[in-house]
file start_6.txt (compact mmCIF, C-alpha atoms and all ligand atoms)
# COMPACT_ATOMS: atom_id res chain seq x y z
CA MET A 160 9.36 -13.06 -21.65
CA SER A 161 11.56 -15.19 -19.47
CA PHE A 162 15.09 -14.17 -18.70
CA ALA A 163 17.97 -16.27 -20.07
CA GLN A 164 20.27 -16.90 -17.10
CA GLY A 165 23.97 -16.59 -17.81
CA ALA A 166 23.58 -14.45 -20.93
CA MET A 167 26.82 -13.23 -22.49
CA PRO A 168 27.75 -9.63 -21.67
CA MET A 169 26.49 -7.24 -24.36
CA LEU A 170 26.61 -3.55 -25.08
CA GLN A 171 24.22 -1.93 -22.65
CA GLU A 172 23.49 1.38 -20.94
CA GLU A 173 21.90 1.74 -17.52
CA LEU A 174 18.35 3.10 -17.34
CA ILE A 175 16.48 4.69 -14.45
CA PHE A 176 12.75 4.11 -14.21
CA VAL A 177 10.78 6.98 -12.69
CA GLY A 178 7.18 6.41 -11.79
CA THR A 179 4.36 6.73 -9.33
CA CYS A 180 1.89 4.28 -7.81
CA ASP A 181 -1.44 5.41 -9.17
CA ILE A 182 -5.16 4.89 -8.56
CA SER A 183 -4.95 1.34 -9.91
CA GLY A 184 -2.14 0.52 -7.46
CA HIS A 185 0.22 -0.16 -10.35
CA VAL A 186 3.61 1.51 -10.64
CA ARG A 187 3.75 3.32 -13.96
CA GLY A 188 6.26 5.70 -15.47
CA LYS A 189 9.09 5.85 -17.99
CA ALA A 190 12.81 5.14 -18.11
CA PHE A 191 15.68 7.40 -19.15
CA PRO A 192 19.48 6.91 -19.46
CA ALA A 193 21.02 7.10 -16.00
CA ALA A 194 23.63 9.55 -17.33
CA GLU A 195 20.84 12.07 -17.84
CA LEU A 196 19.71 12.13 -14.22
CA PRO A 197 20.85 15.73 -13.55
CA ALA A 198 18.61 17.02 -16.35
CA ARG A 199 15.76 14.61 -15.58
CA ALA A 200 15.84 15.63 -11.91
CA GLN A 201 14.51 18.99 -13.15
CA LYS A 202 12.29 18.20 -16.11
CA GLY A 203 11.28 14.65 -15.22
CA VAL A 204 9.67 12.52 -17.91
CA GLY A 205 6.57 13.42 -19.88
CA TRP A 206 3.17 12.19 -18.70
CA THR A 207 -0.45 13.07 -19.30
CA HIS A 208 -3.49 13.51 -17.09
CA SER A 209 -5.44 10.55 -18.47
CA ASN A 210 -2.56 8.20 -17.61
CA LEU A 211 -3.93 8.37 -14.06
CA MET A 212 -7.06 6.67 -15.41
CA MET A 213 -5.31 3.54 -16.70
CA SER A 214 -7.22 0.66 -15.17
CA ALA A 215 -5.81 -2.27 -13.25
CA PHE A 216 -6.19 -4.20 -16.52
CA GLY A 217 -4.44 -1.57 -18.64
CA PRO A 218 -7.02 0.17 -20.83
CA ILE A 219 -8.57 3.50 -19.86
CA PHE A 220 -12.27 2.74 -19.45
CA ASP A 221 -13.31 6.29 -18.56
CA THR A 222 -11.54 9.59 -18.03
CA PRO A 223 -12.47 13.15 -17.20
CA PHE A 224 -9.23 14.36 -18.77
CA GLY A 225 -9.59 13.40 -22.43
CA THR A 226 -6.54 13.19 -24.66
CA GLY A 227 -5.08 16.64 -24.05
CA GLY A 228 -2.55 18.00 -21.61
CA ASP A 229 0.97 17.32 -20.41
CA LEU A 230 2.50 16.61 -17.05
CA MET A 231 5.93 15.62 -15.75
CA ILE A 232 6.88 12.81 -13.39
CA VAL A 233 9.78 14.36 -11.51
CA PRO A 234 12.03 11.88 -9.65
CA ASP A 235 12.53 12.44 -5.93
CA PRO A 236 16.18 11.77 -4.99
CA ALA A 237 14.93 10.69 -1.54
CA ALA A 238 12.92 7.88 -3.17
CA ALA A 239 15.61 6.13 -5.17
CA ALA A 240 16.61 2.48 -5.12
CA ARG A 241 19.32 0.82 -7.16
CA VAL A 242 19.53 -2.93 -6.78
CA ASP A 243 22.01 -5.04 -8.69
CA PHE A 244 20.92 -8.67 -8.37
CA ALA A 245 24.40 -9.70 -9.58
CA ASP A 246 22.95 -12.31 -11.93
CA GLY A 247 23.71 -10.55 -15.20
CA THR A 248 20.33 -8.82 -15.43
CA PRO A 249 20.28 -5.02 -15.53
CA PRO A 250 20.05 -3.44 -12.07
CA GLU A 251 16.61 -2.31 -10.95
CA HIS A 252 17.17 1.42 -10.77
CA ILE A 253 13.91 2.96 -9.61
CA MET A 254 13.03 6.48 -8.57
CA LEU A 255 9.59 7.37 -7.34
CA GLY A 256 8.38 10.75 -8.39
CA ASP A 257 5.81 13.50 -8.26
CA LEU A 258 3.24 14.33 -10.90
CA ARG A 259 3.70 18.00 -11.73
CA GLU A 260 2.28 20.48 -14.17
CA THR A 261 4.74 21.63 -16.82
CA ASP A 262 5.36 24.83 -14.78
CA GLY A 263 6.57 22.69 -11.86
CA GLN A 264 3.44 23.01 -9.67
CA ALA A 265 2.23 19.81 -8.05
CA TRP A 266 -0.70 18.35 -10.00
CA THR A 267 -3.77 18.21 -7.80
CA CYS A 268 -4.02 14.42 -8.41
CA CYS A 269 -0.37 13.57 -7.59
CA PRO A 270 -0.54 10.56 -5.22
CA ARG A 271 2.63 11.53 -3.35
CA ASP A 272 1.45 15.10 -2.98
CA PHE A 273 -1.88 13.85 -1.62
CA LEU A 274 0.12 12.02 1.06
CA ARG A 275 2.11 15.17 1.79
CA ARG A 276 -1.15 17.06 2.25
CA GLY A 277 -2.29 14.36 4.68
CA GLU A 278 0.97 14.76 6.61
CA ALA A 279 0.38 18.52 6.72
CA ALA A 280 -3.14 17.95 8.10
CA LEU A 281 -1.67 15.79 10.87
CA ALA A 282 1.03 18.40 11.54
CA ALA A 283 -1.68 21.08 11.80
CA ALA A 284 -3.30 18.91 14.49
CA GLY A 285 0.06 18.92 16.33
CA TYR A 286 1.45 15.47 15.46
CA SER A 287 3.69 13.53 13.13
CA MET A 288 3.84 9.80 12.43
CA ILE A 289 6.07 6.88 11.67
CA ALA A 290 4.49 4.07 9.65
CA ALA A 291 5.26 0.74 8.00
CA PHE A 292 3.43 -1.43 5.46
CA GLU A 293 3.20 -5.16 6.22
CA GLN A 294 2.41 -6.95 2.98
CA GLU A 295 1.26 -10.43 1.98
CA PHE A 296 1.60 -12.07 -1.42
CA VAL A 297 1.66 -15.43 -3.15
CA LEU A 298 4.71 -16.85 -4.88
CA SER A 299 3.93 -18.84 -8.01
CA GLY A 300 6.89 -21.21 -7.80
CA ALA A 301 6.48 -22.19 -4.15
CA ASP A 302 5.00 -25.57 -3.23
CA ALA A 303 1.50 -25.72 -1.77
CA PHE A 304 1.25 -28.71 0.55
CA PRO A 305 -0.78 -29.73 3.63
CA GLY A 306 0.39 -28.22 6.90
CA ALA A 307 2.54 -25.59 5.23
CA ALA A 308 1.26 -22.51 7.14
CA TYR A 309 4.12 -20.80 9.00
CA SER A 310 6.27 -23.91 8.66
CA LEU A 311 9.99 -24.20 8.23
CA ALA A 312 9.19 -26.60 5.38
CA ALA A 313 7.28 -23.88 3.52
CA LEU A 314 10.09 -21.40 4.12
CA ARG A 315 12.63 -23.92 2.83
CA ARG A 316 10.55 -24.98 -0.15
CA GLN A 317 10.24 -21.47 -1.57
CA GLY A 318 13.90 -21.90 -2.46
CA ARG A 319 16.18 -18.91 -2.88
CA PHE A 320 13.48 -16.29 -3.23
CA ALA A 321 13.39 -15.12 0.40
CA GLU A 322 17.12 -14.49 0.67
CA VAL A 323 17.34 -12.80 -2.73
CA PHE A 324 14.30 -10.66 -1.85
CA VAL A 325 15.60 -9.65 1.58
CA ALA A 326 18.98 -8.74 0.09
CA ALA A 327 17.21 -6.63 -2.53
CA LEU A 328 15.20 -4.86 0.17
CA ARG A 329 18.39 -4.15 2.11
CA ALA A 330 20.10 -2.78 -1.01
CA ALA A 331 17.05 -0.66 -1.79
CA GLY A 332 17.22 0.95 1.67
CA CYS A 333 13.94 -0.59 2.82
CA GLU A 334 15.33 -2.01 6.11
CA PRO A 335 13.79 -5.50 6.02
CA ASP A 336 12.33 -6.67 9.35
CA SER A 337 10.88 -10.16 8.82
CA PHE A 338 9.80 -12.70 6.19
CA LEU A 339 7.50 -15.64 6.84
CA ALA A 340 5.41 -18.34 5.25
CA GLU A 341 1.81 -17.20 5.83
CA TYR A 342 -1.42 -19.09 6.38
CA GLY A 343 -2.51 -19.47 2.74
CA ASP A 344 -1.17 -21.72 -0.02
CA ARG A 345 2.11 -20.27 -1.40
CA GLN A 346 1.48 -17.18 0.72
CA PHE A 347 4.29 -15.16 2.28
CA GLU A 348 4.52 -11.97 4.29
CA VAL A 349 7.18 -9.31 4.56
CA THR A 350 7.64 -6.45 6.98
CA VAL A 351 10.08 -3.55 6.92
CA LYS A 352 11.08 -1.02 9.55
CA PRO A 353 8.99 2.14 10.02
CA ALA A 354 9.77 5.57 8.58
CA GLY A 355 8.00 8.90 8.13
CA PRO A 356 4.80 8.68 6.04
CA LEU A 357 6.22 9.51 2.61
CA ALA A 358 9.28 7.30 3.07
CA ALA A 359 7.06 4.52 4.47
CA ALA A 360 4.78 4.66 1.42
CA ASP A 361 7.79 4.76 -0.92
CA ARG A 362 9.05 1.63 0.86
CA GLY A 363 5.62 0.06 0.49
CA VAL A 364 5.86 0.54 -3.28
CA ILE A 365 9.48 -0.58 -3.55
CA VAL A 366 8.84 -3.72 -1.47
CA ARG A 367 6.20 -4.87 -3.99
CA GLU A 368 8.49 -4.14 -6.92
CA MET A 369 11.46 -5.91 -5.34
CA ALA A 370 9.28 -8.96 -4.65
CA ARG A 371 8.24 -8.92 -8.31
CA GLY A 372 11.82 -8.32 -9.45
CA ALA A 373 13.31 -11.09 -7.31
CA ALA A 374 10.57 -13.54 -8.31
CA TRP A 375 10.94 -12.75 -12.03
CA ARG A 376 14.69 -13.40 -11.89
CA LEU A 377 13.96 -16.81 -10.41
CA GLY A 378 11.40 -17.64 -13.09
CA GLN A 379 8.50 -17.05 -10.68
CA ARG A 380 5.83 -14.46 -10.03
CA ALA A 381 4.95 -12.60 -6.83
CA GLY A 382 1.21 -11.87 -6.81
CA PHE A 383 -0.37 -9.28 -4.51
CA SER A 384 -4.02 -9.66 -5.52
CA PRO A 385 -6.23 -9.08 -2.47
CA MET A 386 -7.88 -12.47 -3.03
CA PRO A 387 -5.96 -14.94 -5.22
CA ASN A 388 -8.76 -17.52 -5.10
CA PRO A 389 -12.20 -17.40 -3.50
CA GLY A 390 -11.69 -20.31 -1.11
CA GLY A 391 -8.29 -19.29 0.20
CA ALA A 392 -6.63 -16.65 2.34
CA GLY A 393 -6.57 -13.01 1.30
CA ASN A 394 -3.46 -10.93 0.81
CA GLY A 395 -3.68 -8.02 3.22
CA VAL A 396 -1.61 -4.88 3.48
CA HIS A 397 -1.55 -3.81 7.10
CA VAL A 398 -0.59 -0.21 7.78
CA HIS A 399 1.25 0.17 11.09
CA MET A 400 1.09 3.69 12.50
CA SER A 401 2.58 5.42 15.53
CA LEU A 402 1.96 9.07 16.40
CA ARG A 403 4.71 11.36 17.66
CA ASP A 404 4.50 14.80 19.22
CA ALA A 405 6.27 18.01 18.19
CA ALA A 406 9.42 16.82 19.98
CA ASP A 407 9.25 13.53 18.02
CA ALA A 408 8.39 11.59 21.19
CA PRO A 409 5.89 8.68 20.97
CA VAL A 410 2.44 9.61 22.32
CA MET A 411 0.34 6.48 21.77
CA ARG A 412 0.50 4.75 25.13
CA GLU A 413 -1.43 5.20 28.35
CA ALA A 414 -1.56 1.84 30.09
CA SER A 415 -4.58 2.58 32.31
CA ALA A 416 -6.70 4.24 29.56
CA PRO A 417 -9.25 2.41 27.37
CA TYR A 418 -7.46 0.25 24.78
CA GLY A 419 -4.18 1.21 26.50
CA LEU A 420 -4.17 4.25 24.22
CA ALA A 421 -3.61 7.87 25.24
CA ALA A 422 -6.17 10.53 24.25
CA PRO A 423 -4.43 11.62 21.01
CA ALA A 424 -4.12 8.03 19.83
CA ARG A 425 -7.79 7.38 20.62
CA ALA A 426 -8.80 10.56 18.79
CA PHE A 427 -6.72 9.58 15.77
CA CYS A 428 -8.28 6.10 15.68
CA ALA A 429 -11.77 7.55 16.24
CA GLY A 430 -11.23 9.78 13.21
CA ILE A 431 -10.43 6.71 11.14
CA LEU A 432 -13.51 4.88 12.46
CA ALA A 433 -15.71 7.90 11.74
CA HIS A 434 -14.62 7.97 8.10
CA LEU A 435 -14.12 4.24 7.59
CA PRO A 436 -16.83 3.59 4.96
CA ALA A 437 -15.28 6.23 2.67
CA LEU A 438 -11.71 5.19 3.52
CA THR A 439 -12.52 1.62 2.54
CA ALA A 440 -13.09 2.75 -1.06
CA ILE A 441 -9.52 4.07 -1.17
CA THR A 442 -7.71 1.36 0.83
CA ALA A 443 -9.65 -1.68 -0.48
CA PRO A 444 -10.36 -0.39 -3.97
CA SER A 445 -11.08 -3.47 -6.09
CA PRO A 446 -14.12 -5.75 -6.39
CA VAL A 447 -12.03 -8.71 -5.09
CA SER A 448 -11.04 -6.69 -2.02
CA TYR A 449 -14.55 -7.44 -0.72
CA LEU A 450 -14.07 -11.20 -1.07
CA ARG A 451 -11.15 -10.76 1.35
CA LEU A 452 -13.14 -8.68 3.86
CA THR A 453 -15.34 -11.64 4.83
CA PRO A 454 -15.55 -13.73 8.04
CA ASN A 455 -12.98 -16.32 9.14
CA ARG A 456 -10.09 -15.04 7.05
CA TRP A 457 -8.19 -13.05 9.70
CA ALA A 458 -9.30 -9.99 7.76
CA PRO A 459 -11.64 -7.36 9.23
CA THR A 460 -15.38 -7.31 8.62
CA GLU A 461 -16.40 -4.72 11.23
CA MET A 462 -15.61 -1.07 11.85
CA SER A 463 -13.97 -1.80 15.18
CA VAL A 464 -10.88 -1.10 17.24
CA ALA A 465 -9.61 -3.92 19.42
CA VAL A 466 -6.56 -4.75 21.48
CA GLN A 467 -4.54 -7.54 19.91
CA ASP A 468 -7.45 -8.86 17.82
CA ARG A 469 -6.74 -9.58 14.16
CA GLY A 470 -10.42 -9.42 13.24
CA ALA A 471 -10.59 -5.68 13.99
CA ALA A 472 -10.30 -2.89 11.44
CA LEU A 473 -7.79 -1.21 13.75
CA ARG A 474 -5.71 -3.48 15.95
CA VAL A 475 -3.80 -2.16 18.93
CA CYS A 476 -0.61 -4.16 18.45
CA PRO A 477 1.20 -6.04 21.22
CA ILE A 478 4.27 -4.82 23.05
CA PHE A 479 7.03 -7.40 23.12
CA ALA A 480 9.66 -7.78 25.84
CA ALA A 481 9.85 -4.10 26.69
CA ALA A 482 12.15 -3.51 29.65
CA ASP A 483 10.59 -0.28 30.86
CA GLU A 484 7.86 2.28 30.27
CA GLU A 485 9.96 4.17 27.72
CA ALA A 486 10.45 1.03 25.63
CA LYS A 487 6.72 0.25 25.89
CA ALA A 488 5.80 3.77 24.71
CA ALA A 489 8.19 3.44 21.77
CA GLN A 490 6.59 0.15 20.66
CA CYS A 491 2.95 1.12 21.14
CA HIS A 492 1.17 1.48 17.81
CA VAL A 493 -1.96 0.58 15.86
CA GLU A 494 -2.41 -1.38 12.66
CA TYR A 495 -5.04 -0.54 10.02
CA ARG A 496 -6.10 -3.84 8.41
CA VAL A 497 -8.71 -2.75 5.84
CA CYS A 498 -6.05 -2.26 3.17
CA ASP A 499 -4.74 -4.31 0.26
CA ALA A 500 -2.33 -3.97 -2.63
CA ALA A 501 -4.95 -2.86 -5.13
CA SER A 502 -4.46 0.49 -3.39
CA SER A 503 -1.66 2.98 -3.84
CA PRO A 504 0.28 3.27 -0.55
CA TYR A 505 0.31 7.04 -1.07
CA LEU A 506 -3.45 7.33 -1.39
CA ALA A 507 -4.10 4.78 1.38
CA LEU A 508 -1.82 6.33 3.99
CA GLY A 509 -2.75 9.85 2.87
CA CYS A 510 -6.44 9.32 3.57
CA LEU A 511 -5.66 7.65 6.93
CA LEU A 512 -3.66 10.74 7.92
CA PHE A 513 -6.50 13.06 6.92
CA ALA A 514 -9.09 10.97 8.79
CA GLY A 515 -6.94 10.65 11.91
CA ALA A 516 -6.12 14.36 11.86
CA ASP A 517 -9.86 15.08 11.70
CA GLY A 518 -10.37 12.91 14.80
CA LEU A 519 -7.65 14.89 16.61
CA ARG A 520 -9.06 18.24 15.51
CA ARG A 521 -12.56 17.28 16.70
CA GLU A 522 -11.19 15.60 19.85
CA LEU A 523 -13.17 12.45 19.08
CA ASP A 524 -13.00 9.41 21.35
CA LEU A 525 -13.46 5.70 20.77
CA PRO A 526 -16.54 3.75 21.82
CA PRO A 527 -15.98 1.70 24.99
CA PRO A 528 -14.28 -1.64 24.27
CA GLY A 529 -16.71 -4.44 23.41
CA VAL A 530 -19.54 -2.28 22.02
CA PRO A 531 -20.93 -4.01 18.88
CA ALA A 532 -19.54 -2.36 15.76
CA PRO A 533 -21.22 -1.72 12.40
CA THR A 534 -20.05 -3.78 9.44
CA LEU A 535 -17.66 -2.53 6.78
CA PRO A 536 -19.04 -1.84 3.29
CA ARG A 537 -19.71 -5.20 1.65
CA SER A 538 -18.79 -4.21 -1.90
CA LEU A 539 -16.68 -1.70 -3.76
CA ALA A 540 -19.87 -0.12 -5.09
CA ALA A 541 -21.12 0.47 -1.52
CA ALA A 542 -17.75 1.88 -0.45
CA LEU A 543 -17.69 4.23 -3.45
CA ASP A 544 -21.19 5.46 -2.55
CA ALA A 545 -19.84 6.25 0.93
CA LEU A 546 -16.86 8.03 -0.61
CA GLU A 547 -19.13 10.05 -2.88
CA THR A 548 -21.31 11.25 0.00
CA SER A 549 -18.39 12.06 2.34
CA GLU A 550 -17.91 15.83 2.55
CA ALA A 551 -14.70 15.26 4.47
CA ALA A 552 -13.23 13.03 1.76
CA ALA A 553 -14.25 15.58 -0.87
CA ALA A 554 -12.18 18.19 0.98
CA TRP A 555 -9.16 15.88 1.36
CA LEU A 556 -9.13 14.75 -2.26
CA GLY A 557 -10.22 17.96 -3.92
CA PRO A 558 -12.79 17.88 -6.73
CA VAL A 559 -10.52 16.63 -9.50
CA LEU A 560 -8.96 13.64 -7.71
CA ARG A 561 -12.32 12.76 -6.16
CA GLU A 562 -14.02 12.61 -9.56
CA ALA A 563 -11.07 10.71 -11.05
CA MET A 564 -11.22 8.06 -8.31
CA LEU A 565 -14.98 7.61 -8.49
CA ARG A 566 -14.97 7.33 -12.28
CA HIS A 567 -11.90 5.09 -12.38
CA LYS A 568 -13.34 2.61 -9.90
CA ARG A 569 -16.92 2.65 -11.16
CA ALA A 570 -15.63 1.97 -14.68
CA GLU A 571 -13.65 -0.96 -13.28
CA ILE A 572 -16.79 -2.39 -11.66
CA ALA A 573 -18.68 -2.02 -14.96
CA HIS A 574 -15.80 -3.63 -16.84
CA VAL A 575 -15.63 -6.79 -14.71
CA GLY A 576 -19.45 -6.99 -14.57
CA GLU A 577 -21.19 -9.77 -12.70
CA THR A 578 -18.28 -12.19 -12.96
CA ASP A 579 -18.44 -15.22 -10.63
CA PRO A 580 -15.97 -15.15 -7.70
CA ALA A 581 -13.55 -17.72 -9.17
CA SER A 582 -13.25 -15.89 -12.50
CA LEU A 583 -13.02 -12.55 -10.74
CA CYS A 584 -10.16 -13.77 -8.54
CA ALA A 585 -8.42 -15.25 -11.58
CA ARG A 586 -8.64 -11.92 -13.45
CA TYR A 587 -7.21 -9.93 -10.56
CA ALA A 588 -4.52 -12.53 -9.88
CA GLU A 589 -3.25 -11.82 -13.40
CA VAL A 590 -2.83 -8.10 -12.85
CA TYR A 591 -1.67 -7.65 -9.24
N1 LIG B 601 -4.25 -12.62 5.48
C1 LIG B 601 -4.91 -11.76 6.43
C2 LIG B 601 -5.48 -10.53 5.71
O1 LIG B 601 -5.97 -10.69 4.64
C3 LIG B 601 -4.02 -11.32 7.56
C4 LIG B 601 -3.34 -12.40 8.33
C5 LIG B 601 -2.49 -11.77 9.43
O2 LIG B 601 -3.01 -11.46 10.50
O3 LIG B 601 -1.32 -11.48 9.15
O4 LIG B 601 -5.46 -9.44 6.19
MG MG B 602 -0.04 -11.75 7.78

call {"tool": "encode", "arguments": {"input": "start_6.txt", "output": "structure tokens"}}
result
Amino acid sequence: MSFAQGAMPMLQEELIFVGTCDISGHVRGKAFPAAELPARAQKGVGWTHSNLMMSAFGPIFDTPFGTGGDLMIVPDPAAAARVDFADGTPPEHIMLGDLRETDGQAWTCCPRDFLRRGEAALAAAGYSMIAAFEQEFVLSGADAFPGAAYSLAALRRQGRFAEVFVAALRAAGCEPDSFLAEYGDRQFEVTVKPAGPLAAADRGVIVREMARGAAWRLGQRAGFSPMPNPGGAGNGVHVHMSLRDAADAPVMREASAPYGLAAPARAFCAGILAHLPALTAITAPSPVSYLRLTPNRWAPTEMSVAVQDRGAALRVCPIFAAADEEAKAAQCHVEYRVCDAASSPYLALGCLLFAGADGLRRELDLPPPGVPAPTLPRSLAAALDALETSEAAAAWLGPVLREAMLRHKRAEIAHVGETDPASLCARYAEVY
């Protein structure tokens, strides 16, 4: 349905949507009258276990949970955004929430609780983190024209979207950092400032929804499919991460060490490398994700760490115009590039925290720079096989979430079948 601009005022009552970003990467939940927030803050909205198994396309193709059981999605007041676009449409009043059993216990498959468990694993290894999601997407109403990449012309020709979107991000508390016309046709990128892991993942979810909300109000569509068309550029989600110590001081940088990274940062990255085949199933969890992870697209193809190289799975990011060592230490961070918006930010960052914490616990180190690296899994099926055989991932996820993820994603592969790349991209462009 398209929105009629300038509609006459009518009787209306504000709603709050509470939801989570689930295995499919979609944000799903229910709305309630805003006046009932005090009660809903306790009892949430009703949900059921099999809702977690809703596919990217909508239908539940397979579920271990059947038709029984009840859960609650309980809104987190720390994850609320209310954005009035001041165009006569209802405000977007969103709260992200936790999936809980009816007795209030966290459900073992709650995506936000999985992330909290990952944070706890990092804390047990002696560290905390700030993180930010950098996200790419295509805007349906923008012009595609030769020479557009990064150009002022492309920025201008997307019209009002960028300024409406950035204002929405500001109002939602997401602290916008930059917006740019990317390399691909109609492709744009947005970054926001870092925050602690849960807040960063909440921002990652809200950024996507505000892009969709701003685009819809302008009669357009913001699409986050990992690969909108087989010949073009992929839409990546790059996860920027910086470790801090118990005193909340940055600990990433050691200028004279390999990769310019101090031992804890190298151990954290080595943990990610060690578990990368299994992680890929969680962070790049759609069949089209593997059309993105191919050569010459500025997306990673190898399980590597590199300094300032956008082809690496983990990129040690540059330090810009830092006046002194303290400023350099504050900026020093790594970027995980094997991620896209078919993944839930909670599940993606959660598994990175677990993997990095494992590297810290085992005091792993990185291979010397320049050593040839193995390739990433080449298909979702291969990544899921790696996930299934990973004892570490089984411990992080727990048996129920592990089985749910494997069944969810294998059913998705069976559903799309042997579709040719163009049709596959078209199907995913419809749903992300
Ligand atoms: N579009 C690329 C990707 O799929 C990333 C381009 C960039 O370095 O920002 O990850
Ligand atoms: Mg980019």

call {"tool": "residues_near_point", "arguments": {"input": "start_6.txt", "point": "(-7.9, -13.6, -10.1)", "cutoff": "10 Å", "atoms": "only C-alpha atoms", "output": "PyMOL selection string"}}
result
chain A and resi 382+384-389+447+580-591

call {"tool": "write_last_selection", "arguments": {"input": "start_6.txt", "atoms": "C-alpha atoms", "output": "CSV table (one decimal), in the coordinates of the input"}}
result
chain,number,residue,atom,x,y,z
A,382,GLY,CA,1.2,-11.9,-6.8
A,384,SER,CA,-4.0,-9.7,-5.5
A,385,PRO,CA,-6.2,-9.1,-2.5
A,386,MET,CA,-7.9,-12.5,-3.0
A,387,PRO,CA,-6.0,-14.9,-5.2
A,388,ASN,CA,-8.8,-17.5,-5.1
A,389,PRO,CA,-12.2,-17.4,-3.5
A,447,VAL,CA,-12.0,-8.7,-5.1
A,580,PRO,CA,-16.0,-15.2,-7.7
A,581,ALA,CA,-13.6,-17.7,-9.2
A,582,SER,CA,-13.2,-15.9,-12.5
A,583,LEU,CA,-13.0,-12.6,-10.7
A,584,CYS,CA,-10.2,-13.8,-8.5
A,585,ALA,CA,-8.4,-15.2,-11.6
A,586,ARG,CA,-8.6,-11.9,-13.4
A,587,TYR,CA,-7.2,-9.9,-10.6
A,588,ALA,CA,-4.5,-12.5,-9.9
A,589,GLU,CA,-3.2,-11.8,-13.4
A,590,VAL,CA,-2.8,-8.1,-12.8
A,591,TYR,CA,-1.7,-7.6,-9.2

call {"tool": "axis_aligned_box", "arguments": {"input": "start_6.txt", "around": "region 219-227 of chain A", "padding_each_side": "6 Å", "output": "AutoDock Vina command-line options"}}
result
--center_x -9.2 --center_y 9.7 --center_z -20.9 --size_x 20.2 --size_y 25.9 --size_z 19.5

call {"tool": "residues_around", "arguments": {"input": "start_6.txt", "residues": "region 495-503 of chain A", "least_positions_apart": "2", "cutoff": "8 Å", "atoms": "only C-alpha atoms", "output": "ChimeraX atom specification"}}
result
/A:180-185,270,294,364,383-385,394-400,439,441-445,448,452,458-459,471-474,493,505-507,591

call {"tool": "write_last_selection", "arguments": {"input": "start_6.txt", "atoms": "C-alpha atoms", "output": "JSON list (two decimals), keeping the file's coordinate frame"}}
result
[["chain", "number", "residue", "atom", "x", "y", "z"],
["A", 180, "CYS", "CA", 1.89, 4.28, -7.81],
["A", 181, "ASP", "CA", -1.44, 5.41, -9.17],
["A", 182, "ILE", "CA", -5.16, 4.89, -8.56],
["A", 183, "SER", "CA", -4.95, 1.34, -9.91],
["A", 184, "GLY", "CA", -2.14, 0.52, -7.46],
["A", 185, "HIS", "CA", 0.22, -0.16, -10.35],
["A", 270, "PRO", "CA", -0.54, 10.56, -5.22],
["A", 294, "GLN", "CA", 2.41, -6.95, 2.98],
["A", 364, "VAL", "CA", 5.86, 0.54, -3.28],
["A", 383, "PHE", "CA", -0.37, -9.28, -4.51],
["A", 384, "SER", "CA", -4.02, -9.66, -5.52],
["A", 385, "PRO", "CA", -6.23, -9.08, -2.47],
["A", 394, "ASN", "CA", -3.46, -10.93, 0.81],
["A", 395, "GLY", "CA", -3.68, -8.02, 3.22],
["A", 396, "VAL", "CA", -1.61, -4.88, 3.48],
["A", 397, "HIS", "CA", -1.55, -3.81, 7.10],
["A", 398, "VAL", "CA", -0.59, -0.21, 7.78],
["A", 399, "HIS", "CA", 1.25, 0.17, 11.09],
["A", 400, "MET", "CA", 1.09, 3.69, 12.50],
["A", 439, "THR", "CA", -12.52, 1.62, 2.54],
["A", 441, "ILE", "CA", -9.52, 4.07, -1.17],
["A", 442, "THR", "CA", -7.71, 1.36, 0.83],
["A", 443, "ALA", "CA", -9.65, -1.68, -0.48],
["A", 444, "PRO", "CA", -10.36, -0.39, -3.97],
["A", 445, "SER", "CA", -11.08, -3.47, -6.09],
["A", 448, "SER", "CA", -11.04, -6.69, -2.02],
["A", 452, "LEU", "CA", -13.14, -8.68, 3.86],
["A", 458, "ALA", "CA", -9.30, -9.99, 7.76],
["A", 459, "PRO", "CA", -11.64, -7.36, 9.23],
["A", 471, "ALA", "CA", -10.59, -5.68, 13.99],
["A", 472, "ALA", "CA", -10.30, -2.89, 11.44],
["A", 473, "LEU", "CA", -7.79, -1.21, 13.75],
["A", 474, "ARG", "CA", -5.71, -3.48, 15.95],
["A", 493, "VAL", "CA", -1.96, 0.58, 15.86],
["A", 505, "TYR", "CA", 0.31, 7.04, -1.07],
["A", 506, "LEU", "CA", -3.45, 7.33, -1.39],
["A", 507, "ALA", "CA", -4.10, 4.78, 1.38],
["A", 591, "TYR", "CA", -1.67, -7.65, -9.24]]

call {"tool": "atom_distance", "arguments": {"input": "start_6.txt", "atom1": "CA of Ala290 (chain A)", "atom2": "CA of Leu523 (chain A)"}}
result
21.7 Å

call {"tool": "closest_residue", "arguments": {"input": "start_6.txt", "among": "A:Arg561, A:Arg362, A:Lys352, A:Arg376", "to": "Phe320 (chain A)", "atoms": "all atoms listed in the file"}}
result
A:Arg376

call {"tool": "residues_around", "arguments": {"input": "start_6.txt", "residues": "region 280-286 of chain A", "least_positions_apart": "3", "cutoff": "9 Å", "atoms": "all atoms listed in the file", "output": "VMD selection string"}}
result
chain A and resid 275 to 277 402 to 405 407 423 512 to 513 515 to 517 519 to 520

call {"tool": "closest_residue", "arguments": {"input": "start_6.txt", "among": "A:Arg469, A:Arg271, A:Arg319, A:Arg329", "to": "ligand MG 602 (chain B)", "atoms": "all atoms listed in the file"}}
result
A:Arg469

call {"tool": "residues_near_ligand", "arguments": {"input": "start_6.txt", "ligand": "ligand MG 602 (chain B)", "cutoff": "7 Å", "atoms": "all atoms listed in the file", "output": "count of residues only"}}
result
4
